[in-house]
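Colleague: This is final.cif (mmCIF, C-alpha atoms).
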```cif
data_upload
loop_
_atom_site.label_atom_id
_atom_site.label_comp_id
_atom_site.auth_asym_id
_atom_site.auth_seq_id
_atom_site.Cartn_x
_atom_site.Cartn_y
_atom_site.Cartn_z
CA MET A 1 102.04 105.01 73.23
CA SER A 2 100.12 103.86 76.31
CA VAL A 3 98.55 106.27 78.75
CA LEU A 4 100.61 104.75 81.53
CA THR A 5 103.81 105.34 79.58
CA GLN A 6 102.85 108.96 78.98
CA GLU A 7 102.11 109.50 82.63
CA SER A 8 105.34 107.90 83.84
CA ARG A 9 107.36 110.08 81.51
CA GLY A 10 105.52 113.29 82.29
CA GLY A 11 105.26 112.79 86.03
CA ARG A 12 101.46 113.02 85.90
CA THR A 13 99.14 111.27 88.32
CA GLY A 14 97.31 108.08 87.47
CA SER A 15 93.92 109.80 87.21
CA LEU A 16 93.71 109.33 83.47
CA ALA A 17 94.55 105.64 83.76
CA TRP A 18 91.85 105.16 86.39
CA LEU A 19 89.38 107.01 84.18
CA LEU A 20 90.21 104.55 81.40
CA VAL A 21 89.64 101.62 83.77
CA LEU A 22 86.28 103.08 84.80
CA GLY A 23 85.34 103.67 81.17
CA ILE A 24 86.20 100.10 80.19
CA VAL A 25 84.27 98.62 83.13
CA LEU A 26 81.13 100.68 82.46
CA ALA A 27 81.27 99.98 78.72
CA ALA A 28 81.68 96.24 79.34
CA LEU A 29 78.62 96.19 81.60
CA ASN A 30 76.56 97.35 78.58
CA LEU A 31 77.80 95.06 75.81
CA ARG A 32 75.27 92.26 76.42
CA THR A 33 72.26 94.11 77.86
CA ALA A 34 70.61 94.37 74.44
CA VAL A 35 70.92 90.57 74.11
CA THR A 36 70.12 89.09 77.50
CA SER A 37 67.29 91.46 78.42
CA VAL A 38 65.17 90.13 75.53
CA GLY A 39 65.22 86.38 76.21
CA PRO A 40 63.26 86.40 79.49
CA LEU A 41 60.48 88.49 77.88
CA LEU A 42 60.39 86.81 74.47
CA ASP A 43 56.82 85.48 74.85
CA GLN A 44 55.49 88.84 76.03
CA LEU A 45 57.29 90.64 73.21
CA ALA A 46 55.93 88.28 70.57
CA ALA A 47 52.38 88.75 71.87
CA GLY A 48 52.62 92.50 72.41
CA LEU A 49 54.22 93.23 69.03
CA GLY A 50 52.30 90.63 67.06
CA MET A 51 55.63 89.15 66.05
CA SER A 52 55.56 85.99 63.95
CA SER A 53 57.76 82.96 64.57
CA VAL A 54 59.97 84.19 61.73
CA GLY A 55 60.33 87.51 63.52
CA THR A 56 61.23 85.90 66.85
CA GLY A 57 63.73 83.67 65.07
CA LEU A 58 65.31 86.72 63.45
CA LEU A 59 65.39 88.53 66.80
CA THR A 60 67.34 85.70 68.42
CA THR A 61 69.72 85.53 65.43
CA LEU A 62 70.42 89.28 65.28
CA PRO A 63 73.19 89.24 67.94
CA VAL A 64 75.30 86.81 65.94
CA LEU A 65 74.76 88.71 62.70
CA ALA A 66 75.56 92.09 64.27
CA PHE A 67 78.63 90.86 66.14
CA ALA A 68 80.00 89.25 62.99
CA THR A 69 79.31 92.00 60.44
CA VAL A 70 79.78 95.20 62.43
CA GLY A 71 82.71 93.72 64.31
CA ALA A 72 84.53 93.12 61.03
CA ILE A 73 84.56 96.82 60.08
CA THR A 74 85.37 98.17 63.55
CA PRO A 75 89.17 98.52 62.99
CA THR A 76 88.53 100.60 59.85
CA LEU A 77 86.08 102.81 61.73
CA ALA A 78 88.58 103.22 64.58
CA ARG A 79 91.32 104.39 62.20
CA ARG A 80 88.97 107.00 60.72
CA LEU A 81 87.25 108.25 63.87
CA GLY A 82 89.67 107.44 66.68
CA GLU A 83 89.24 104.70 69.28
CA HIS A 84 87.85 106.84 72.11
CA ARG A 85 85.43 108.67 69.82
CA LEU A 86 84.26 105.41 68.29
CA LEU A 87 83.56 103.77 71.64
CA LEU A 88 81.62 106.86 72.76
CA LEU A 89 79.62 106.73 69.52
CA ALA A 90 79.03 103.00 70.05
CA LEU A 91 77.60 103.57 73.53
CA ILE A 92 75.37 106.38 72.24
CA THR A 93 74.18 104.09 69.42
CA LEU A 94 73.54 101.30 71.90
CA GLY A 95 71.52 103.56 74.17
CA ALA A 96 69.54 105.07 71.31
CA GLY A 97 68.64 101.64 69.97
CA LEU A 98 67.48 100.52 73.42
CA VAL A 99 65.32 103.61 73.88
CA ILE A 100 63.69 103.33 70.46
CA ARG A 101 62.85 99.64 70.71
CA ALA A 102 61.41 100.13 74.20
CA SER A 103 59.13 102.90 72.91
CA VAL A 104 57.48 101.22 69.93
CA ASP A 105 54.69 98.73 69.31
CA SER A 106 55.81 97.81 65.79
CA ALA A 107 57.64 94.53 65.23
CA PRO A 108 59.69 95.79 62.23
CA VAL A 109 60.82 98.92 64.10
CA PHE A 110 61.62 96.80 67.15
CA LEU A 111 63.85 94.55 65.03
CA VAL A 112 65.62 97.46 63.33
CA SER A 113 66.24 99.31 66.59
CA SER A 114 67.50 96.08 68.17
CA ALA A 115 69.97 95.78 65.30
CA VAL A 116 71.09 99.38 65.98
CA ALA A 117 71.65 98.64 69.68
CA LEU A 118 73.48 95.40 68.92
CA SER A 119 75.75 97.25 66.47
CA GLY A 120 76.95 99.43 69.33
CA GLY A 121 77.71 96.32 71.37
CA ALA A 122 79.53 94.74 68.43
CA VAL A 123 81.88 97.72 68.16
CA GLY A 124 82.64 97.47 71.87
CA ASN A 125 83.40 93.75 71.57
CA VAL A 126 86.25 94.45 69.18
CA LEU A 127 87.39 97.82 70.47
CA ILE A 128 87.88 97.13 74.17
CA PRO A 129 90.59 94.43 73.72
CA THR A 130 92.36 96.94 71.46
CA LEU A 131 92.16 99.68 74.08
CA ILE A 132 93.53 97.30 76.71
CA LYS A 133 96.48 96.42 74.48
CA ARG A 134 97.15 100.08 73.66
CA HIS A 135 96.84 101.61 77.12
CA PHE A 136 97.80 98.71 79.40
CA PRO A 137 100.22 96.52 77.37
CA ALA A 138 102.04 95.20 80.44
CA ARG A 139 98.80 94.70 82.38
CA ALA A 140 96.83 92.89 79.68
CA GLY A 141 95.95 89.95 81.93
CA VAL A 142 94.72 92.09 84.80
CA MET A 143 92.73 94.39 82.54
CA THR A 144 91.22 91.49 80.61
CA THR A 145 90.13 90.06 83.97
CA VAL A 146 88.47 93.38 84.79
CA TYR A 147 86.85 93.51 81.35
CA THR A 148 85.53 89.94 81.22
CA THR A 149 84.25 90.10 84.80
CA ALA A 150 82.33 93.31 84.08
CA LEU A 151 80.99 91.71 80.89
CA ALA A 152 79.79 88.67 82.87
CA VAL A 153 78.17 90.86 85.53
CA GLY A 154 76.34 92.91 82.90
CA THR A 155 75.19 89.76 81.12
CA MET A 156 73.79 88.22 84.30
CA LEU A 157 72.28 91.50 85.52
CA ALA A 158 70.21 92.05 82.38
CA ALA A 159 69.13 88.40 82.28
CA SER A 160 68.08 88.25 85.93
CA ALA A 161 66.68 91.74 86.60
CA THR A 162 64.54 92.35 83.50
CA VAL A 163 61.62 90.16 84.62
CA PRO A 164 61.47 91.60 88.17
CA ILE A 165 61.47 95.10 86.65
CA GLU A 166 58.65 94.07 84.31
CA ARG A 167 56.63 92.69 87.23
CA ALA A 168 57.27 95.77 89.37
CA THR A 169 55.84 97.95 86.59
CA ASP A 170 52.60 95.92 86.27
CA GLY A 171 53.79 93.90 83.28
CA ASN A 172 55.13 96.86 81.28
CA TRP A 173 57.84 95.34 79.11
CA HIS A 174 58.56 98.76 77.57
CA VAL A 175 59.98 99.98 80.89
CA ALA A 176 61.75 96.68 81.60
CA LEU A 177 63.70 96.93 78.33
CA GLY A 178 64.13 100.70 78.27
CA VAL A 179 65.75 100.95 81.70
CA TRP A 180 68.99 99.50 80.32
CA ALA A 181 69.48 102.59 78.17
CA ALA A 182 70.23 104.52 81.38
CA LEU A 183 73.24 102.30 81.97
CA ALA A 184 74.55 103.18 78.51
CA VAL A 185 74.20 106.90 79.30
CA VAL A 186 76.23 106.46 82.48
CA ALA A 187 78.89 104.48 80.58
CA ALA A 188 79.27 107.27 78.02
CA ILE A 189 80.30 109.87 80.64
CA PRO A 190 83.93 108.75 81.12
CA TRP A 191 84.44 108.55 77.37
CA LEU A 192 83.25 112.14 76.98
CA ALA A 193 86.07 113.14 79.32
CA LEU A 194 88.52 110.82 77.51
CA LEU A 195 87.96 112.51 74.14
CA ARG A 196 90.74 114.92 75.07
CA SER A 197 93.19 112.01 75.37
CA GLU A 198 92.36 110.38 72.03
CA PRO A 199 95.38 108.29 70.91
CA GLU A 200 97.11 109.34 67.72
CA ARG A 201 95.45 107.59 64.80
CA ASP A 202 97.43 105.04 62.88
CA ASN A 203 96.42 105.57 59.25
CA SER A 204 99.25 103.49 57.87
CA ARG A 205 98.56 100.23 56.14
CA SER A 206 98.40 97.56 58.82
CA GLU A 207 100.63 94.52 58.58
CA ALA A 208 97.69 92.54 59.94
CA SER A 209 95.49 93.30 56.94
CA PRO A 210 92.37 91.23 56.23
CA GLY A 211 94.13 89.52 53.34
CA ARG A 212 97.04 88.52 55.53
CA LEU A 213 94.76 87.29 58.32
CA VAL A 214 92.89 85.03 55.92
CA ARG A 215 96.23 83.35 55.15
CA SER A 216 97.31 83.19 58.80
CA LYS A 217 97.19 79.85 60.62
CA LEU A 218 97.25 81.63 63.96
CA ALA A 219 94.36 83.95 63.05
CA TRP A 220 92.24 81.00 61.95
CA ALA A 221 93.16 79.04 65.07
CA VAL A 222 92.08 81.94 67.29
CA ALA A 223 88.89 82.45 65.25
CA VAL A 224 87.83 78.80 65.34
CA TYR A 225 88.73 78.52 69.02
CA PHE A 226 86.59 81.59 69.70
CA GLY A 227 83.81 80.17 67.53
CA THR A 228 83.72 76.74 69.15
CA GLN A 229 83.64 78.12 72.68
CA SER A 230 80.88 80.57 71.70
CA MET A 231 78.95 77.75 70.04
CA ILE A 232 79.02 75.70 73.24
CA ALA A 233 77.90 78.77 75.20
CA TYR A 234 74.97 79.47 72.88
CA ILE A 235 73.94 75.81 73.00
CA MET A 236 74.03 75.68 76.77
CA PHE A 237 72.14 78.93 77.28
CA GLY A 238 69.55 77.86 74.74
CA TRP A 239 69.13 74.18 75.61
CA LEU A 240 70.32 73.54 79.17
CA ALA A 241 66.84 74.00 80.68
CA LYS A 242 65.43 71.45 78.20
CA ILE A 243 68.27 69.02 78.94
CA LEU A 244 67.51 69.25 82.65
CA THR A 245 63.73 68.86 82.36
CA ASP A 246 64.20 65.87 80.07
CA GLY A 247 66.47 64.45 82.77
CA GLY A 248 63.72 64.62 85.37
CA TYR A 249 64.09 68.07 86.89
CA THR A 250 61.13 70.40 87.31
CA THR A 251 61.00 73.68 85.45
CA SER A 252 61.74 75.67 88.61
CA GLU A 253 64.69 73.42 89.50
CA ALA A 254 66.05 73.76 85.99
CA GLY A 255 65.72 77.55 86.27
CA VAL A 256 67.72 77.61 89.51
CA ILE A 257 70.49 75.47 88.01
CA LEU A 258 70.57 77.65 84.89
CA GLY A 259 70.89 80.72 87.11
CA VAL A 260 73.83 79.20 88.98
CA PHE A 261 75.39 78.22 85.66
CA THR A 262 75.11 81.81 84.42
CA ALA A 263 76.45 83.29 87.67
CA LEU A 264 79.45 80.95 87.58
CA SER A 265 80.87 83.00 84.69
CA ILE A 266 81.73 85.79 87.14
CA PRO A 267 84.25 83.92 89.36
CA VAL A 268 85.60 82.10 86.31
CA SER A 269 86.19 85.44 84.56
CA LEU A 270 87.98 86.69 87.66
CA VAL A 271 90.48 83.82 87.60
CA LEU A 272 91.16 82.76 84.00
CA PRO A 273 92.79 85.81 82.35
CA SER A 274 95.24 86.42 85.18
CA LEU A 275 96.03 82.70 85.33
CA ALA A 276 96.60 82.49 81.58
CA THR A 277 98.96 85.45 81.48
CA ARG A 278 101.25 83.90 84.09
CA PHE A 279 102.57 81.60 81.35
CA ARG A 280 103.99 82.20 77.91
CA ASP A 281 102.22 79.04 76.76
CA GLN A 282 98.47 78.72 77.42
CA ARG A 283 98.08 75.18 76.06
CA PRO A 284 97.81 73.53 79.50
CA VAL A 285 94.96 75.92 80.34
CA VAL A 286 93.24 75.09 77.05
CA ALA A 287 93.54 71.35 77.75
CA GLY A 288 92.32 71.74 81.32
CA LEU A 289 89.19 73.61 80.27
CA VAL A 290 88.45 71.00 77.61
CA GLY A 291 88.77 68.34 80.32
CA PHE A 292 86.10 70.10 82.38
CA TYR A 293 83.83 70.20 79.33
CA VAL A 294 84.27 66.49 78.62
CA VAL A 295 83.57 65.44 82.22
CA GLY A 296 80.52 67.71 82.37
CA PHE A 297 78.97 66.55 79.10
CA LEU A 298 79.59 62.87 79.81
CA GLY A 299 78.05 63.31 83.25
CA LEU A 300 74.97 65.03 81.84
CA TRP A 301 74.69 62.31 79.20
CA PHE A 302 75.01 59.23 81.41
CA ALA A 303 73.93 60.46 84.87
CA PRO A 304 71.49 63.33 84.36
CA SER A 305 68.80 62.54 86.90
CA SER A 306 70.30 63.12 90.35
CA THR A 307 73.63 64.90 90.02
CA ALA A 308 73.11 67.18 87.02
CA TRP A 309 74.08 70.25 89.04
CA VAL A 310 77.56 68.77 89.56
CA TRP A 311 78.04 68.24 85.82
CA VAL A 312 76.70 71.72 85.08
CA LEU A 313 79.42 73.13 87.35
CA PHE A 314 82.04 71.27 85.31
CA VAL A 315 80.64 72.71 82.09
CA GLY A 316 80.48 76.17 83.66
CA ILE A 317 84.18 76.02 84.55
CA GLY A 318 84.92 74.78 81.03
CA MET A 319 83.29 77.94 79.73
CA GLY A 320 86.30 79.78 81.05
CA SER A 321 87.39 79.28 77.45
CA PHE A 322 85.54 82.55 76.69
CA PRO A 323 87.72 84.85 78.83
CA LEU A 324 90.71 82.79 77.71
CA ALA A 325 89.84 83.44 74.05
CA LEU A 326 89.58 87.18 74.72
CA THR A 327 92.91 87.10 76.56
CA MET A 328 94.56 85.42 73.57
CA LEU A 329 93.72 88.42 71.39
CA ALA A 330 96.28 90.44 73.35
CA LEU A 331 98.73 87.62 74.08
CA ARG A 332 99.12 86.59 70.44
CA THR A 333 99.86 90.11 69.18
CA ARG A 334 102.61 92.67 69.80
CA THR A 335 100.83 95.91 68.90
CA ALA A 336 97.41 97.49 69.40
CA SER A 337 96.74 97.61 65.65
CA ALA A 338 97.38 93.88 65.33
CA THR A 339 95.14 93.25 68.35
CA ALA A 340 92.37 95.23 66.66
CA ALA A 341 92.71 93.25 63.46
CA LEU A 342 92.83 89.87 65.21
CA SER A 343 89.92 90.84 67.47
CA ALA A 344 87.77 91.80 64.47
CA PHE A 345 88.71 88.71 62.46
CA GLY A 346 88.48 86.25 65.34
CA GLN A 347 85.17 87.49 66.68
CA SER A 348 83.52 87.95 63.28
CA VAL A 349 84.40 84.46 62.07
CA GLY A 350 83.81 83.04 65.53
CA TYR A 351 80.29 84.37 65.95
CA LEU A 352 79.32 83.12 62.49
CA ILE A 353 80.49 79.66 63.54
CA ALA A 354 78.72 79.90 66.89
CA GLY A 355 75.37 80.92 65.41
CA ALA A 356 74.84 77.51 63.82
CA GLY A 357 75.16 75.63 67.13
CA PRO A 358 71.71 76.01 68.76
CA LEU A 359 69.93 75.42 65.45
CA LEU A 360 71.96 72.29 64.73
CA VAL A 361 71.26 70.88 68.19
CA GLY A 362 67.55 71.52 67.69
CA VAL A 363 67.56 69.73 64.34
CA LEU A 364 69.47 66.75 65.73
CA TYR A 365 67.25 66.52 68.81
CA GLN A 366 64.08 66.59 66.73
CA ALA A 367 65.42 64.09 64.21
CA THR A 368 66.61 61.55 66.79
CA GLY A 369 64.20 62.16 69.66
CA GLY A 370 66.97 62.22 72.25
CA TRP A 371 70.22 63.79 73.39
CA GLN A 372 72.72 61.13 72.36
CA VAL A 373 73.54 62.60 68.95
CA PRO A 374 73.55 66.22 70.20
CA TYR A 375 76.01 65.20 72.93
CA LEU A 376 78.24 63.54 70.34
CA MET A 377 78.11 66.74 68.31
CA MET A 378 79.04 68.87 71.32
CA LEU A 379 81.95 66.57 72.18
CA ALA A 380 83.14 66.85 68.56
CA VAL A 381 82.99 70.65 68.86
CA VAL A 382 85.05 70.44 72.05
CA GLY A 383 87.55 68.26 70.17
CA VAL A 384 87.94 70.98 67.53
CA GLN A 385 88.31 73.48 70.35
CA LEU A 386 91.21 71.47 71.77
CA LEU A 387 92.99 71.26 68.40
CA THR A 388 92.65 74.95 67.54
CA GLY A 389 93.26 76.09 71.12
CA TRP A 390 96.43 73.99 71.24
CA TYR A 391 97.81 75.94 68.30
CA ALA A 392 96.46 79.32 69.39
CA GLY A 393 97.72 78.80 72.93
CA GLY A 394 101.34 78.33 71.87
CA ASN A 395 103.94 81.03 72.50
CA ARG A 396 103.75 82.75 69.10
CA PHE A 397 102.74 86.13 67.68
CA LEU A 398 100.64 87.15 64.72
CA GLU A 399 103.23 89.65 63.51
CA ASP A 400 105.93 86.97 63.39
CA GLU A 401 104.13 84.97 60.72
CA GLY A 402 105.64 85.70 57.31
CA ALA A 403 108.95 86.96 56.06
CA ARG A 404 109.38 90.09 58.15
CA ARG A 405 108.50 91.20 61.63
CA PRO A 406 106.55 94.48 61.74
CA ALA A 407 107.23 95.38 65.34
CA SER A 408 110.57 97.11 65.79
CA VAL A 409 112.86 96.50 68.72
CA GLU A 410 112.04 100.01 69.93
CA GLN A 411 108.29 99.29 69.81
CA GLU A 412 108.69 96.09 71.78
CA ARG A 413 110.96 97.75 74.32
CA ALA A 414 108.47 100.61 74.79
CA GLU A 415 105.69 98.13 75.54
CA LYS A 416 107.81 96.31 78.12
CA ILE A 417 108.46 99.52 80.08
CA ALA A 418 104.89 100.80 79.82
CA VAL A 419 104.17 100.36 83.50
#
```
Please express what this file holds, its structure, as structure tokens.
Modeller:
Amino acid sequence: MSVLTQESRGGRTGSLAWLLVLGIVLAALNLRTAVTSVGPLLDQLAAGLGMSSVGTGLLTTLPVLAFATVGAITPTLARRLGEHRLLLLALITLGAGLVIRASVDSAPVFLVSSAVALSGGAVGNVLIPTLIKRHFPARAGVMTTVYTTALAVGTMLAASATVPIERATDGNWHVALGVWAALAVVAAIPWLALLRSEPERDNSRSEASPGRLVRSKLAWAVAVYFGTQSMIAYIMFGWLAKILTDGGYTTSEAGVILGVFTALSIPVSLVLPSLATRFRDQRPVVAGLVGFYVVGFLGLWFAPSSTAWVWVLFVGIGMGSFPLALTMLALRTRTASATAALSAFGQSVGYLIAGAGPLLVGVLYQATGGWQVPYLMMLAVVGVQLLTGWYAGGNRFLEDEGARRPASVEQERAEKIAV
């Protein structure tokens, strides 16, 4: 039962609902700080820790591995510990990992503590869409907008502020990385208060079991759609600066364009989830975003020298496929337990798919000496995104696949009157 349903029936105020909103926003701000705070300081970290090229490669791969593996077991952990308790534990784990890695001068300990911090973020990735479905079933679009916007703000904040913090502390990267642990401490406070409102645990066998999801066309469509959009994102964040400098831009100009590209995720995240939930069928939105991708990549390919910033804007709007993919987790399911299962499956498979993208582009670029083949590869990935998104965007539900429908009429009716 959602918090809003409980409050409407008991005549209570909306304070608990607003506390949940605050908790989700603060948690979302933290989910990428362990990732994006490292990239700007990678050279300093490698030198200061004596980290080999293998170590730096592992460090940049850890997010994908953590999001895929830890995300897969999150629904099981939530059933055993409770969703509110688990998210609180995830934020504590995230903060502890950030503190430890900022305090050491050992490359192995830095890698292990980074994995600990990323594990906390991985749990949040899967758990927050579940909490939105459970507590705000009739406001899924609005709450996903809030969630994805906070996620985008946190991502950009850690990426843009870490270097200025490092410079302000006379080049002390320990402080620049450790400061983000304070944000995790702040985010944990609402969830301490929310422990008293822990939802009743569902220990029954879920209809959306891992075995069933593996046989589900919809689950695979959502997973591959999530994976292809994440792959494009990883490629662009990793290679856009190189694409621009090869096209004739200076390093500083490329940095400015990359910053604008990153910041564009905030307004896009504000618009896409609410837009998508206005319709029962999200396929036109899927096709529109793919169109932006195609125009952007073709422009970067054939006219990169003078108008690259225009094409980067097109690609940036196309990356609205990320908040759309997160919105689909709630739109394609009827119950919170199914949302949890689909979120874990879709994100775990998706991040494994995405992790191969930057490496593959690097191999193709080195083998061919240019961007023609990498662009063809990226357009092929976008084509797969269109096919899988077309199926995932249709008006269908995970629970309806198979012989019997797990959600009762009473369950569905309760969700409709939740607000």
Colleague: Once you count only C-alpha atoms, which residues end up no further than 12 Å from (59.7, 103.1, 71.7) in the file's frame, shown as a ChimeraX atom specification?
Modeller: /A:49,96-114,173-179,181
Colleague: List the residues matched by the PyMOL selection byres ((chain A and resi 20-31) around 9) in the displayed structure as a PyMOL selection string, ordered by chain and then by residue number.
Modeller: chain A and resi 3+15-19+32-35+87+91+94+118+120-122+124-125+128+131-132+135+143+146-155+157+180-181+183-184+186-191+194
Colleague: Pick out the closest residue to A:Val222 from this set: A:Arg79, A:Lys242, A:Arg396, A:Arg134. Count all atoms listed in the file.
Modeller: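 Counting all atoms listed in the file, the residue closest to A:Val222 is A:Arg396.
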Colleague: Measuring between all atoms listed in the file, which one of A:Gly320, A:Gly288, A:Gly355, A:Gly82 shows the shortest distance to A:Leu65?
Modeller: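 For A:Leu65, the nearest of the given residues is A:Gly355.
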Colleague: Counting all atoms listed in the file, which residue out of A:Pro304, A:Gly227, A:Gly383, A:Pro284 sits closest to A:Leu240?
Modeller: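 When distances to A:Leu240 are compared using all atoms listed in the file, the smallest one comes from A:Pro304.
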Colleague: When the PyMOL selection byres ((chain A and resi 83) around 10) is applied to the structure above, which residues does it catch, written out as a list in words?
Modeller: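 Matching residues under the PyMOL selection byres ((chain A and resi 83) around 10) are Thr74, Pro75, Leu77, Ala78, Arg79, Arg80, Leu81, Gly82, His84, Arg85, Leu86, Leu87, Leu88, Leu89, Leu127, Ile128, Thr130, Leu131, Leu195, Glu198, Pro199, Glu200 and Arg201 of chain A.
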Colleague: What is the atom CA of A:Ala223 to atom CA of A:Leu324 distance in Å?
Modeller: 12.6 Å
Colleague: What is the atom CA of A:Thr162-atom CA of A:Ser37 distance in Å, reported with one decimal?
Modeller: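 Value for the atom CA of A:Thr162-atom CA of A:Ser37 distance: 5.8 Å.
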Colleague: What does the distance between atom CA of A:Gly211 and atom CA of A:Ala66 come to in Å, to one decimal place?
Modeller: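 Straight-line distance from atom CA of A:Gly211 to atom CA of A:Ala66 works out to 21.7 Å.
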Colleague: Using only C-alpha atoms for the distances, tell me which of A:Pro40, A:Gly50, A:Gly357, A:Gly346 is nearest to A:Ser216.
Modeller: A:Gly346
Colleague: For this file, the PyMOL selection byres ((chain A and resi 220) around 10) selects which residues, as a list of chain:residue names?
Modeller: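 Selection result, ordered by chain and number: A:Leu213, A:Val214, A:Arg215, A:Ser216, A:Lys217, A:Leu218, A:Ala219, A:Ala221, A:Val222, A:Ala223, A:Val224, A:Tyr225, A:Phe226, A:Leu342, A:Phe345, A:Gly346, A:Val349, A:Gly350, A:Thr388, A:Tyr391, A:Ala392.
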Colleague: From the options A:Gly291, A:Gly55, A:Gly39, A:Gly259, which residue's atoms come nearest to A:Leu379, counting all atoms listed in the file?
Modeller: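 Of all the options, A:Gly291 lies closest to A:Leu379.
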Colleague: Using all atoms listed in the file, find the one residue out of A:Gly71, A:Gly369, A:Gly247, A:Gly57 that sits nearest to A:Phe302.
Modeller: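 For A:Phe302, the nearest of the candidates is A:Gly247.
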Colleague: Please check which residues have atoms at most 10 Å from (82.3, 73.5, 85.7) in the file's coordinates, counting only C-alpha atoms, and write them as a list in words.
Modeller: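 So the residues meeting the distance criterion are Phe261, Leu264, Ser265, Val268, Leu289, Gly291, Phe292, Tyr293, Val295, Gly296, Trp309, Val310, Trp311, Val312, Leu313, Phe314, Val315, Gly316, Ile317, Gly318, Met319 and Gly320 of chain A.
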